[in-house]
$ cat query08.cif   # mmCIF, C-alpha atoms
data_protein
#
loop_
_atom_site.label_atom_id
_atom_site.label_comp_id
_atom_site.auth_asym_id
_atom_site.auth_seq_id
_atom_site.Cartn_x
_atom_site.Cartn_y
_atom_site.Cartn_z
CA MET A 1 205.26 175.65 90.48
CA ASP A 2 204.12 177.61 87.46
CA ASN A 3 205.16 181.18 86.69
CA LEU A 4 203.22 184.10 88.12
CA PRO A 5 199.64 184.54 86.90
CA ALA A 6 199.11 186.99 84.09
CA ASP A 7 197.98 190.46 85.14
CA SER A 8 194.81 190.32 83.05
CA HIS A 9 192.85 190.62 86.32
CA ARG A 10 194.46 193.99 86.98
CA SER A 11 191.65 196.13 85.55
CA ALA A 12 189.05 194.00 87.35
CA HIS A 13 190.47 194.43 90.86
CA ALA A 14 191.32 197.39 93.05
CA PHE A 15 193.71 196.99 95.99
CA PHE A 16 193.50 199.39 98.95
CA CYS A 17 196.41 199.31 101.41
CA VAL A 18 195.32 200.86 104.70
CA SER A 19 197.78 202.45 107.15
CA LEU A 20 196.66 204.03 110.41
CA ASN A 21 200.25 204.25 111.70
CA PRO A 22 202.59 204.83 108.74
CA ALA A 23 206.22 205.87 109.01
CA ILE A 24 209.40 206.92 107.36
CA ASP A 25 211.80 203.96 107.50
CA ILE A 26 215.45 204.82 108.09
CA ARG A 27 217.94 202.01 107.49
CA LEU A 28 221.42 202.49 108.97
CA THR A 29 224.16 200.12 107.79
CA LEU A 30 227.22 199.68 110.00
CA ASP A 31 229.92 197.11 110.69
CA GLU A 32 228.81 196.28 114.23
CA LEU A 33 226.29 197.72 116.67
CA VAL A 34 227.95 198.25 120.06
CA PRO A 35 225.46 199.32 122.76
CA GLY A 36 226.64 202.18 124.94
CA ARG A 37 229.27 203.32 122.40
CA VAL A 38 229.44 205.72 119.48
CA ASN A 39 228.39 203.85 116.31
CA ARG A 40 229.09 205.29 112.88
CA ALA A 41 226.93 204.23 109.95
CA SER A 42 228.46 203.56 106.55
CA ALA A 43 225.16 204.13 104.72
CA VAL A 44 221.76 205.69 105.39
CA GLN A 45 218.57 205.03 103.41
CA ARG A 46 215.18 206.70 103.92
CA ALA A 47 212.00 205.25 102.44
CA PRO A 48 208.21 205.21 102.89
CA GLY A 49 207.37 202.81 105.69
CA GLY A 50 204.76 201.17 107.81
CA LYS A 51 203.38 197.75 106.93
CA ALA A 52 200.78 199.02 104.43
CA ALA A 53 203.45 200.87 102.43
CA HIS A 54 205.47 197.67 102.16
CA VAL A 55 202.34 195.78 101.07
CA ALA A 56 201.66 198.38 98.38
CA MET A 57 205.23 198.17 97.09
CA ALA A 58 205.03 194.38 96.89
CA LEU A 59 201.71 194.55 95.04
CA LYS A 60 203.30 196.98 92.60
CA ALA A 61 206.03 194.42 91.92
CA LEU A 62 203.29 191.89 91.18
CA SER A 63 201.92 194.23 88.46
CA ALA A 64 198.97 195.44 90.54
CA ALA A 65 197.98 199.09 90.92
CA PRO A 66 197.49 199.57 94.69
CA ILE A 67 196.04 202.64 96.40
CA TRP A 68 197.53 203.61 99.77
CA ILE A 69 195.13 205.14 102.34
CA GLY A 70 196.63 206.53 105.52
CA PHE A 71 197.28 209.33 107.95
CA SER A 72 200.10 211.78 107.19
CA GLY A 73 201.40 214.76 109.12
CA GLY A 74 204.22 217.27 109.07
CA ALA A 75 207.40 217.14 107.01
CA THR A 76 207.78 213.40 107.46
CA GLY A 77 204.21 212.91 106.24
CA ASN A 78 205.00 214.90 103.11
CA GLU A 79 208.15 212.85 102.62
CA LEU A 80 206.13 209.65 102.97
CA LEU A 81 203.60 210.71 100.33
CA ALA A 82 206.30 211.94 97.94
CA GLY A 83 208.13 208.63 98.31
CA LEU A 84 205.04 206.57 97.56
CA ARG A 85 204.19 208.70 94.54
CA SER A 86 207.74 208.37 93.24
CA LEU A 87 207.09 204.61 93.21
CA GLU A 88 203.90 205.27 91.19
CA ILE A 89 201.66 204.26 94.10
CA ASP A 90 198.45 206.29 94.29
CA THR A 91 197.69 207.82 97.68
CA LEU A 92 194.60 208.94 99.60
CA PRO A 93 196.10 210.77 102.57
CA VAL A 94 194.21 212.00 105.62
CA PRO A 95 196.09 214.95 107.18
CA ILE A 96 196.79 215.02 110.92
CA ALA A 97 198.25 217.77 113.09
CA GLN A 98 201.18 215.76 114.46
CA SER A 99 204.11 214.50 112.39
CA THR A 100 204.30 211.03 110.91
CA ARG A 101 206.62 208.80 112.94
CA VAL A 102 210.12 207.59 112.03
CA ASN A 103 211.20 203.95 112.39
CA LEU A 104 214.84 202.92 112.61
CA GLU A 105 216.38 199.72 111.24
CA ILE A 106 220.03 199.05 112.09
CA LEU A 107 221.69 196.47 109.85
CA ASP A 108 225.19 195.22 110.69
CA ALA A 109 227.76 193.30 108.65
CA ARG A 110 226.68 189.95 110.15
CA GLY A 111 223.14 190.46 108.91
CA GLU A 112 221.75 191.16 112.38
CA VAL A 113 218.83 193.60 112.33
CA THR A 114 217.80 195.83 115.23
CA GLU A 115 214.53 197.76 114.91
CA ILE A 116 213.50 200.79 116.95
CA LEU A 117 209.88 201.73 116.30
CA GLU A 118 208.26 204.99 117.40
CA PRO A 119 204.70 204.69 118.80
CA GLY A 120 203.28 207.09 116.21
CA ALA A 121 201.55 210.44 116.25
CA ALA A 122 198.43 210.87 118.37
CA VAL A 123 195.24 211.08 116.30
CA THR A 124 192.30 213.26 117.33
CA GLU A 125 188.67 212.13 117.29
CA SER A 126 187.91 214.43 114.35
CA GLU A 127 190.89 213.09 112.38
CA TRP A 128 189.73 209.52 112.97
CA SER A 129 186.22 210.47 111.81
CA GLU A 130 187.66 212.00 108.67
CA PHE A 131 189.67 208.85 108.00
CA GLN A 132 186.51 206.74 108.12
CA ARG A 133 184.81 209.12 105.68
CA VAL A 134 187.72 208.99 103.21
CA PHE A 135 187.97 205.23 103.61
CA ALA A 136 184.27 204.62 102.88
CA ASN A 137 184.20 207.08 99.95
CA ALA A 138 187.22 205.46 98.30
CA PHE A 139 185.18 202.40 97.38
CA GLN A 140 182.48 204.43 95.66
CA ARG A 141 184.97 205.38 92.95
CA GLU A 142 185.56 201.75 92.00
CA SER A 143 183.11 199.56 90.14
CA SER A 144 185.64 196.72 90.00
CA LYS A 145 186.14 194.00 92.57
CA LYS A 146 187.85 195.43 95.64
CA ILE A 147 190.38 193.98 98.09
CA VAL A 148 191.21 195.93 101.25
CA LEU A 149 194.44 195.15 103.10
CA ILE A 150 194.54 196.49 106.67
CA SER A 151 197.91 196.12 108.37
CA GLY A 152 200.01 197.48 111.17
CA SER A 153 199.58 198.90 114.64
CA LEU A 154 197.11 201.48 115.91
CA PRO A 155 198.30 205.01 116.76
CA LEU A 156 197.44 206.81 119.97
CA GLY A 157 193.92 208.23 119.96
CA VAL A 158 192.40 205.60 117.69
CA PRO A 159 190.07 203.16 119.49
CA ALA A 160 191.01 199.50 119.85
CA GLU A 161 187.89 198.68 117.78
CA ALA A 162 189.15 200.74 114.83
CA TYR A 163 189.85 197.78 112.56
CA ASP A 164 186.43 196.26 113.34
CA LYS A 165 184.85 199.47 112.05
CA LEU A 166 186.96 199.45 108.90
CA VAL A 167 186.15 195.80 108.20
CA SER A 168 182.42 196.56 108.54
CA LEU A 169 182.66 199.57 106.22
CA ALA A 170 184.60 197.53 103.66
CA HIS A 171 182.19 194.59 103.79
CA THR A 172 179.28 196.99 103.30
CA ALA A 173 180.97 198.04 100.05
CA ASP A 174 181.38 194.37 98.98
CA CYS A 175 185.15 194.34 99.54
CA LEU A 176 187.26 191.37 100.53
CA VAL A 177 189.23 192.29 103.65
CA PHE A 178 192.71 191.00 104.52
CA VAL A 179 194.18 191.82 107.95
CA ASP A 180 197.65 191.71 109.49
CA SER A 181 197.72 193.08 113.03
CA SER A 182 198.46 192.04 116.60
CA GLY A 183 197.46 192.39 120.24
CA LEU A 184 194.12 193.87 121.23
CA ALA A 185 193.45 195.21 117.72
CA LEU A 186 193.76 191.67 116.33
CA SER A 187 191.58 190.04 118.98
CA LYS A 188 188.82 192.57 118.36
CA VAL A 189 188.96 192.54 114.56
CA LEU A 190 188.61 188.75 114.40
CA ALA A 191 185.03 189.05 115.64
CA ALA A 192 184.25 191.29 112.64
CA GLY A 193 184.81 188.32 110.32
CA PRO A 194 187.73 189.37 108.09
CA ASP A 195 188.05 187.29 104.96
CA PHE A 196 191.69 186.53 105.64
CA VAL A 197 194.14 187.06 108.52
CA LYS A 198 197.92 186.68 108.29
CA ILE A 199 200.08 186.99 111.40
CA ASN A 200 203.45 185.72 112.60
CA ARG A 201 204.23 182.98 115.09
CA GLU A 202 204.57 185.25 118.14
CA GLU A 203 201.34 187.10 117.36
CA ALA A 204 199.51 183.81 116.83
CA GLU A 205 200.72 182.35 120.12
CA LEU A 206 199.56 185.44 121.98
CA ALA A 207 196.15 185.48 120.26
CA THR A 208 195.39 181.76 120.46
CA LYS A 209 197.36 180.59 123.54
CA VAL A 210 198.69 177.72 121.40
CA THR A 211 202.44 177.06 121.62
CA ILE A 212 203.75 176.82 118.06
CA HIS A 213 206.79 174.60 117.60
CA ASP A 214 206.18 173.12 114.14
CA PRO A 215 203.79 173.39 111.15
CA SER A 216 201.26 171.03 112.77
CA SER A 217 200.90 173.15 115.91
CA ALA A 218 200.74 176.23 113.67
CA THR A 219 197.79 174.61 111.92
CA GLN A 220 196.05 174.18 115.27
CA ALA A 221 196.62 177.86 116.07
CA ALA A 222 195.33 178.90 112.65
CA ARG A 223 192.15 176.90 113.22
CA LYS A 224 191.67 178.85 116.45
CA LEU A 225 191.75 182.06 114.42
CA LEU A 226 188.90 180.64 112.35
CA ASP A 227 187.00 179.82 115.54
CA PHE A 228 187.43 183.45 116.60
CA GLY A 229 185.83 184.70 113.36
CA ALA A 230 188.29 184.76 110.45
CA ASN A 231 187.20 183.01 107.25
CA SER A 232 190.75 181.95 106.42
CA ALA A 233 194.09 182.42 108.12
CA ALA A 234 197.82 181.98 107.67
CA ILE A 235 200.68 182.01 110.15
CA SER A 236 204.22 182.82 109.05
CA LEU A 237 206.99 180.67 110.54
CA GLY A 238 210.01 182.61 109.30
CA GLU A 239 212.41 180.42 107.35
CA ARG A 240 209.99 177.48 107.78
CA GLY A 241 207.45 179.17 105.51
CA LEU A 242 203.70 179.63 105.95
CA VAL A 243 200.82 177.53 107.23
CA GLY A 244 197.29 178.33 106.10
CA VAL A 245 193.75 177.03 106.72
CA ARG A 246 190.28 177.85 105.39
CA LYS A 247 186.86 177.31 106.90
CA GLY A 248 185.35 174.10 105.61
CA ASP A 249 188.69 172.51 104.64
CA ARG A 250 189.74 169.38 106.50
CA LEU A 251 193.44 169.90 105.78
CA GLY A 252 195.74 172.82 106.30
CA VAL A 253 198.51 173.76 103.88
CA HIS A 254 202.21 174.26 104.61
CA ALA A 255 204.29 176.11 101.99
CA TRP A 256 208.02 176.76 102.28
CA THR A 257 211.01 177.67 100.14
CA SER A 258 214.60 176.50 100.03
CA PRO A 259 216.88 178.28 102.54
CA LEU A 260 218.52 181.52 101.46
CA VAL A 261 220.79 184.14 103.01
CA PRO A 262 218.64 187.21 103.76
CA LYS A 263 219.76 190.82 103.52
CA SER A 264 217.00 191.61 106.03
CA THR A 265 213.72 189.97 107.03
CA VAL A 266 211.95 193.28 107.69
CA GLY A 267 208.83 193.43 105.50
CA CYS A 268 208.71 189.73 104.62
CA GLY A 269 205.29 189.30 106.22
CA ASP A 270 204.02 192.35 104.34
CA ALA A 271 205.24 190.95 101.03
CA ALA A 272 203.54 187.64 101.85
CA LEU A 273 200.26 189.44 102.56
CA ALA A 274 200.51 191.13 99.16
CA GLY A 275 201.02 187.70 97.60
CA PHE A 276 197.86 186.37 99.24
CA ALA A 277 195.81 189.33 98.00
CA PHE A 278 197.17 189.11 94.48
CA ALA A 279 196.43 185.37 94.43
CA ALA A 280 192.85 186.03 95.56
CA ALA A 281 192.42 188.52 92.73
CA ALA A 282 193.77 185.98 90.27
CA GLU A 283 191.43 183.31 91.73
CA LEU A 284 194.28 180.91 92.44
CA SER A 285 193.71 177.80 94.53
CA PHE A 286 194.51 177.98 98.23
CA GLU A 287 197.68 175.91 97.71
CA GLN A 288 198.80 178.22 94.89
CA SER A 289 198.04 181.24 97.09
CA LEU A 290 200.29 179.88 99.85
CA ALA A 291 203.01 179.20 97.29
CA LEU A 292 202.88 182.72 95.86
CA ALA A 293 202.83 184.26 99.34
CA ALA A 294 205.82 182.16 100.42
CA ALA A 295 207.71 183.20 97.29
CA CYS A 296 206.94 186.88 97.91
CA GLY A 297 208.11 186.65 101.50
CA ALA A 298 211.34 184.94 100.46
CA ALA A 299 211.90 187.46 97.66
CA ASN A 300 211.69 190.24 100.24
CA CYS A 301 214.73 188.73 102.00
CA LEU A 302 216.72 189.55 98.85
CA ALA A 303 215.26 193.02 98.32
CA ALA A 304 217.24 196.24 98.67
CA LEU A 305 214.62 197.64 101.08
CA PRO A 306 211.44 196.28 102.73
CA GLY A 307 208.70 195.67 100.18
CA ARG A 308 210.93 196.27 97.16
CA ILE A 309 210.62 192.72 95.90
CA MET A 310 211.63 191.90 92.33
CA HIS A 311 209.29 190.17 89.88
CA ASP A 312 212.08 187.89 88.60
CA ASP A 313 212.96 186.77 92.14
CA ILE A 314 209.33 185.90 92.87
CA SER A 315 208.99 183.87 89.67
CA ARG A 316 212.25 181.99 90.26
CA ILE A 317 211.54 181.19 93.90
CA LYS A 318 207.91 180.21 93.29
CA ARG A 319 208.97 177.43 90.91
CA ASP A 320 210.67 175.65 93.83
CA VAL A 321 208.12 176.18 96.60
CA HIS A 322 207.31 173.01 98.56
CA ILE A 323 203.70 172.20 99.50
CA GLU A 324 202.51 169.84 102.24
CA ARG A 325 198.96 169.20 103.46
CA LEU A 326 198.46 168.92 107.19
CA GLU A 327 195.78 167.48 109.49
#
$ encode --input "query08.cif" --output "structure tokens"
Amino acid sequence: MDNLPADSHRSAHAFFCVSLNPAIDIRLTLDELVPGRVNRASAVQRAPGGKAAHVAMALKALSAAPIWIGFSGGATGNELLAGLRSLEIDTLPVPIAQSTRVNLEILDARGEVTEILEPGAAVTESEWSEFQRVFANAFQRESSKKIVLISGSLPLGVPAEAYDKLVSLAHTADCLVFVDSSGLALSKVLAAGPDFVKINREEAELATKVTIHDPSSATQAARKLLDFGANSAAISLGERGLVGVRKGDRLGVHAWTSPLVPKSTVGCGDAALAGFAFAAAAELSFEQSLALAAACGAANCLAALPGRIMHDDISRIKRDVHIERLE
């Protein structure tokens, strides 16, 4: 595969990373997690979190200039915004009364990862209305082509149809919309016709009722996502890469990388979503988009923290991505 595309498209595209349920990520490193016993961590790292934050960080590594739009509340909300700004990621926060949640990632010496995710602060009806106003107004500031990336879970108080509404608002402003969600929020947003959906194997099986055991069955599940309303879709298969399909194409595409030893797989799907969006902005072919996304996901396995992928890792891995076309 060729090197990464030049960033000449940067001034012609705006990326909006949308987070209704952001977080502070805390990573604890210890020798071994023993349930029911006192466990002492050897290292603690705090960082901006939630899927959209990871997507924004990955886009930054790809030389894009993303804008993060999300709820923030309390001291943890302030910490989240300060952390994003320290990474030179622009923010459009919507204040809420309750504090932004904290997610815990426990990483042991064997590479096993245990995640404990808080449900998130409850959002009031007025706060949700304000979010929609800020979201819609954000696009009026941009005359360039716009890509909106909506990812993550829904907090308490926000209706299950929230992502449908955001997709409609974004499409009204001539934005491309990329979605990564699950459960009821995913099933409802598909009917709104997102331009692209990326989910993992478990989420795809739940949404499509297709048992995924290999890339071919993943292709069948991805086609179901198109039947439900998406214009294109990809399913991540962990170390087996990504499978993607587009409406109107007879063949699906399977892209995968050579095996590597991951530090952690948390955020790999978010990095892949950033790769897809960046590829769309650069007008790459669908096969090249899958290759870049696979490289971004693999690069995240080597990153110090979720989303903190390195440009050199992406370029190196992308040169060796394998591509297969599937019925």
$ atom_distance --input "query08.cif" --atom1 "CA of Val210 in chain A" --atom2 "CA of Gln288 in chain A"
26.5 Å
$ residues_near_point --input "query08.cif" --point "(219.4, 204.1, 105.1)" --cutoff "10 Å" --atoms "only C-alpha atoms" --output "PyMOL selection string"
chain A and resi 25-29+41-47+104-107+305
$ residues_around --input "query08.cif" --residues "Gly307 in chain A" --least-positions-apart "3" --cutoff "7 Å" --atoms "only C-alpha atoms" --output "VMD selection string"
chain A and resid 54 to 55 57 to 58 267 271 300
$ resolve_selection --input "query08.cif" --expression "the PyMOL selection byres ((chain A and resi 145) around 12)" --output "number ranges by chain"
A: 9-16, 139-144, 146-148, 170-171, 173-177, 280-283
$ write_last_selection --input "query08.cif" --atoms "C-alpha atoms" --output "tab-separated table (two decimals), in the frame of the given file"
chain	number	residue	atom	x	y	z
A	9	HIS	CA	192.85	190.62	86.32
A	10	ARG	CA	194.46	193.99	86.98
A	11	SER	CA	191.65	196.13	85.55
A	12	ALA	CA	189.05	194.00	87.35
A	13	HIS	CA	190.47	194.43	90.86
A	14	ALA	CA	191.32	197.39	93.05
A	15	PHE	CA	193.71	196.99	95.99
A	16	PHE	CA	193.50	199.39	98.95
A	139	PHE	CA	185.18	202.40	97.38
A	140	GLN	CA	182.48	204.43	95.66
A	141	ARG	CA	184.97	205.38	92.95
A	142	GLU	CA	185.56	201.75	92.00
A	143	SER	CA	183.11	199.56	90.14
A	144	SER	CA	185.64	196.72	90.00
A	146	LYS	CA	187.85	195.43	95.64
A	147	ILE	CA	190.38	193.98	98.09
A	148	VAL	CA	191.21	195.93	101.25
A	170	ALA	CA	184.60	197.53	103.66
A	171	HIS	CA	182.19	194.59	103.79
A	173	ALA	CA	180.97	198.04	100.05
A	174	ASP	CA	181.38	194.37	98.98
A	175	CYS	CA	185.15	194.34	99.54
A	176	LEU	CA	187.26	191.37	100.53
A	177	VAL	CA	189.23	192.29	103.65
A	280	ALA	CA	192.85	186.03	95.56
A	281	ALA	CA	192.42	188.52	92.73
A	282	ALA	CA	193.77	185.98	90.27
A	283	GLU	CA	191.43	183.31	91.73
$ residues_around --input "query08.cif" --residues "Gly183 in chain A" --least-positions-apart "5" --cutoff "9 Å" --atoms "all atoms listed in the file" --output "NGL selection string"
:A and (153 or 188 or 203 or 206-207)
$ residues_around --input "query08.cif" --residues "Asp320 in chain A" --least-positions-apart "6" --cutoff "12 Å" --atoms "all atoms listed in the file" --output "VMD selection string"
chain A and resid 1 to 3 255 to 259 291 to 292 294 to 295 298 313 to 314
$ closest_residue --input "query08.cif" --among "A:Lys263, A:His254, A:His311, A:Arg40" --to "Glu324 in chain A" --atoms "all atoms listed in the file"
A:His254
$ atom_distance --input "query08.cif" --atom1 "CA of Glu161 in chain A" --atom2 "CA of Lys209 in chain A"
21.2 Å
$ closest_residue --input "query08.cif" --among "A:Pro22, A:Pro35, A:Pro119, A:Gly244" --to "Phe276 in chain A" --atoms "all atoms listed in the file"
A:Gly244
$ resolve_selection --input "query08.cif" --expression "the PyMOL selection byres ((chain A and resi 218) around 9)" --output "ChimeraX atom specification"
/A:201,204-205,210-217,219-223,234-237,242-244
$ closest_residue --input "query08.cif" --among "A:Arg308, A:Lys318, A:Arg133, A:Arg325" --to "Asp249 in chain A" --atoms "only C-alpha atoms"
A:Arg325
$ closest_residue --input "query08.cif" --among "A:Arg37, A:Arg319, A:Arg85, A:Lys198" --to "Ala56 in chain A" --atoms "only C-alpha atoms"
A:Arg85
$ residues_around --input "query08.cif" --residues "range 156-159 of chain A" --least-positions-apart "3" --cutoff "8 Å" --atoms "only C-alpha atoms" --output "list of chain:residue names"
A:Pro119, A:Gly120, A:Ala121, A:Ala122, A:Val123, A:Thr124, A:Glu125, A:Trp128, A:Ala162
$ closest_residue --input "query08.cif" --among "A:Phe71, A:Phe228, A:Phe131, A:Phe286" --to "Ser99 in chain A" --atoms "all atoms listed in the file"
A:Phe71
$ decode --input "query08.cif" --residues "range 283-311 of chain A" --atoms "N, CA and C atoms" --output "PDB file, in the first residue's frame"
ATOM      1  N   GLU A 283     -10.906  11.372  -0.556  1.00  0.00           N
ATOM      2  CA  GLU A 283     -11.518  10.759  -1.739  1.00  0.00           C
ATOM      3  C   GLU A 283     -10.765   9.516  -2.192  1.00  0.00           C
ATOM      4  N   LEU A 284     -10.367   8.686  -1.207  1.00  0.00           N
ATOM      5  CA  LEU A 284      -9.730   7.416  -1.526  1.00  0.00           C
ATOM      6  C   LEU A 284     -10.779   6.416  -1.997  1.00  0.00           C
ATOM      7  N   SER A 285     -10.335   5.382  -2.687  1.00  0.00           N
ATOM      8  CA  SER A 285     -11.235   4.311  -3.082  1.00  0.00           C
ATOM      9  C   SER A 285     -11.706   3.565  -1.843  1.00  0.00           C
ATOM     10  N   PHE A 286     -12.754   2.757  -1.989  1.00  0.00           N
ATOM     11  CA  PHE A 286     -13.274   2.026  -0.839  1.00  0.00           C
ATOM     12  C   PHE A 286     -12.224   1.046  -0.307  1.00  0.00           C
ATOM     13  N   GLU A 287     -11.483   0.379  -1.196  1.00  0.00           N
ATOM     14  CA  GLU A 287     -10.431  -0.534  -0.767  1.00  0.00           C
ATOM     15  C   GLU A 287      -9.341   0.211   0.000  1.00  0.00           C
ATOM     16  N   GLN A 288      -8.951   1.385  -0.490  1.00  0.00           N
ATOM     17  CA  GLN A 288      -7.938   2.179   0.203  1.00  0.00           C
ATOM     18  C   GLN A 288      -8.451   2.684   1.547  1.00  0.00           C
ATOM     19  N   SER A 289      -9.746   2.976   1.618  1.00  0.00           N
ATOM     20  CA  SER A 289     -10.341   3.413   2.881  1.00  0.00           C
ATOM     21  C   SER A 289     -10.268   2.308   3.927  1.00  0.00           C
ATOM     22  N   LEU A 290     -10.613   1.075   3.497  1.00  0.00           N
ATOM     23  CA  LEU A 290     -10.525  -0.069   4.416  1.00  0.00           C
ATOM     24  C   LEU A 290      -9.083  -0.283   4.869  1.00  0.00           C
ATOM     25  N   ALA A 291      -8.145  -0.118   3.950  1.00  0.00           N
ATOM     26  CA  ALA A 291      -6.736  -0.313   4.296  1.00  0.00           C
ATOM     27  C   ALA A 291      -6.267   0.722   5.320  1.00  0.00           C
ATOM     28  N   LEU A 292      -6.631   1.977   5.110  1.00  0.00           N
ATOM     29  CA  LEU A 292      -6.227   3.018   6.052  1.00  0.00           C
ATOM     30  C   LEU A 292      -6.884   2.788   7.411  1.00  0.00           C
ATOM     31  N   ALA A 293      -8.174   2.435   7.408  1.00  0.00           N
ATOM     32  CA  ALA A 293      -8.868   2.188   8.667  1.00  0.00           C
ATOM     33  C   ALA A 293      -8.240   1.018   9.421  1.00  0.00           C
ATOM     34  N   ALA A 294      -7.909  -0.049   8.705  1.00  0.00           N
ATOM     35  CA  ALA A 294      -7.267  -1.202   9.342  1.00  0.00           C
ATOM     36  C   ALA A 294      -5.912  -0.819   9.933  1.00  0.00           C
ATOM     37  N   ALA A 295      -5.165   0.006   9.210  1.00  0.00           N
ATOM     38  CA  ALA A 295      -3.865   0.448   9.708  1.00  0.00           C
ATOM     39  C   ALA A 295      -4.005   1.319  10.951  1.00  0.00           C
ATOM     40  N   CYS A 296      -5.016   2.178  10.963  1.00  0.00           N
ATOM     41  CA  CYS A 296      -5.251   3.037  12.130  1.00  0.00           C
ATOM     42  C   CYS A 296      -5.639   2.208  13.349  1.00  0.00           C
ATOM     43  N   GLY A 297      -6.519   1.215  13.133  1.00  0.00           N
ATOM     44  CA  GLY A 297      -6.905   0.354  14.237  1.00  0.00           C
ATOM     45  C   GLY A 297      -5.731  -0.417  14.793  1.00  0.00           C
ATOM     46  N   ALA A 298      -4.878  -0.942  13.907  1.00  0.00           N
ATOM     47  CA  ALA A 298      -3.701  -1.679  14.360  1.00  0.00           C
ATOM     48  C   ALA A 298      -2.714  -0.759  15.070  1.00  0.00           C
ATOM     49  N   ALA A 299      -2.547   0.461  14.552  1.00  0.00           N
ATOM     50  CA  ALA A 299      -1.632   1.410  15.184  1.00  0.00           C
ATOM     51  C   ALA A 299      -2.073   1.746  16.604  1.00  0.00           C
ATOM     52  N   ASN A 300      -3.396   1.731  16.829  1.00  0.00           N
ATOM     53  CA  ASN A 300      -3.898   2.021  18.167  1.00  0.00           C
ATOM     54  C   ASN A 300      -3.466   0.953  19.171  1.00  0.00           C
ATOM     55  N   CYS A 301      -3.277  -0.289  18.707  1.00  0.00           N
ATOM     56  CA  CYS A 301      -2.798  -1.355  19.593  1.00  0.00           C
ATOM     57  C   CYS A 301      -1.414  -1.038  20.157  1.00  0.00           C
ATOM     58  N   LEU A 302      -0.649  -0.226  19.444  1.00  0.00           N
ATOM     59  CA  LEU A 302       0.711   0.107  19.852  1.00  0.00           C
ATOM     60  C   LEU A 302       0.786   1.436  20.593  1.00  0.00           C
ATOM     61  N   ALA A 303      -0.345   2.140  20.687  1.00  0.00           N
ATOM     62  CA  ALA A 303      -0.341   3.493  21.238  1.00  0.00           C
ATOM     63  C   ALA A 303      -0.230   3.477  22.758  1.00  0.00           C
ATOM     64  N   ALA A 304       0.294   4.579  23.301  1.00  0.00           N
ATOM     65  CA  ALA A 304       0.456   4.700  24.746  1.00  0.00           C
ATOM     66  C   ALA A 304      -0.881   4.761  25.459  1.00  0.00           C
ATOM     67  N   LEU A 305      -1.884   5.374  24.799  1.00  0.00           N
ATOM     68  CA  LEU A 305      -3.235   5.497  25.354  1.00  0.00           C
ATOM     69  C   LEU A 305      -4.231   5.398  24.197  1.00  0.00           C
ATOM     70  N   PRO A 306      -5.505   5.093  24.462  1.00  0.00           N
ATOM     71  CA  PRO A 306      -6.486   5.003  23.385  1.00  0.00           C
ATOM     72  C   PRO A 306      -6.550   6.264  22.530  1.00  0.00           C
ATOM     73  N   GLY A 307      -6.494   6.070  21.214  1.00  0.00           N
ATOM     74  CA  GLY A 307      -6.578   7.197  20.285  1.00  0.00           C
ATOM     75  C   GLY A 307      -5.268   7.878  19.979  1.00  0.00           C
ATOM     76  N   ARG A 308      -4.226   7.616  20.762  1.00  0.00           N
ATOM     77  CA  ARG A 308      -2.956   8.329  20.587  1.00  0.00           C
ATOM     78  C   ARG A 308      -2.078   7.630  19.553  1.00  0.00           C
ATOM     79  N   ILE A 309      -2.644   7.358  18.402  1.00  0.00           N
ATOM     80  CA  ILE A 309      -1.899   6.661  17.358  1.00  0.00           C
ATOM     81  C   ILE A 309      -0.797   7.548  16.800  1.00  0.00           C
ATOM     82  N   MET A 310       0.242   6.908  16.268  1.00  0.00           N
ATOM     83  CA  MET A 310       1.400   7.629  15.740  1.00  0.00           C
ATOM     84  C   MET A 310       1.396   7.556  14.217  1.00  0.00           C
ATOM     85  N   HIS A 311       1.652   8.696  13.597  1.00  0.00           N
ATOM     86  CA  HIS A 311       1.643   8.799  12.135  1.00  0.00           C
ATOM     87  C   HIS A 311       2.585   7.784  11.495  1.00  0.00           C
TER      88      HIS A 311
END
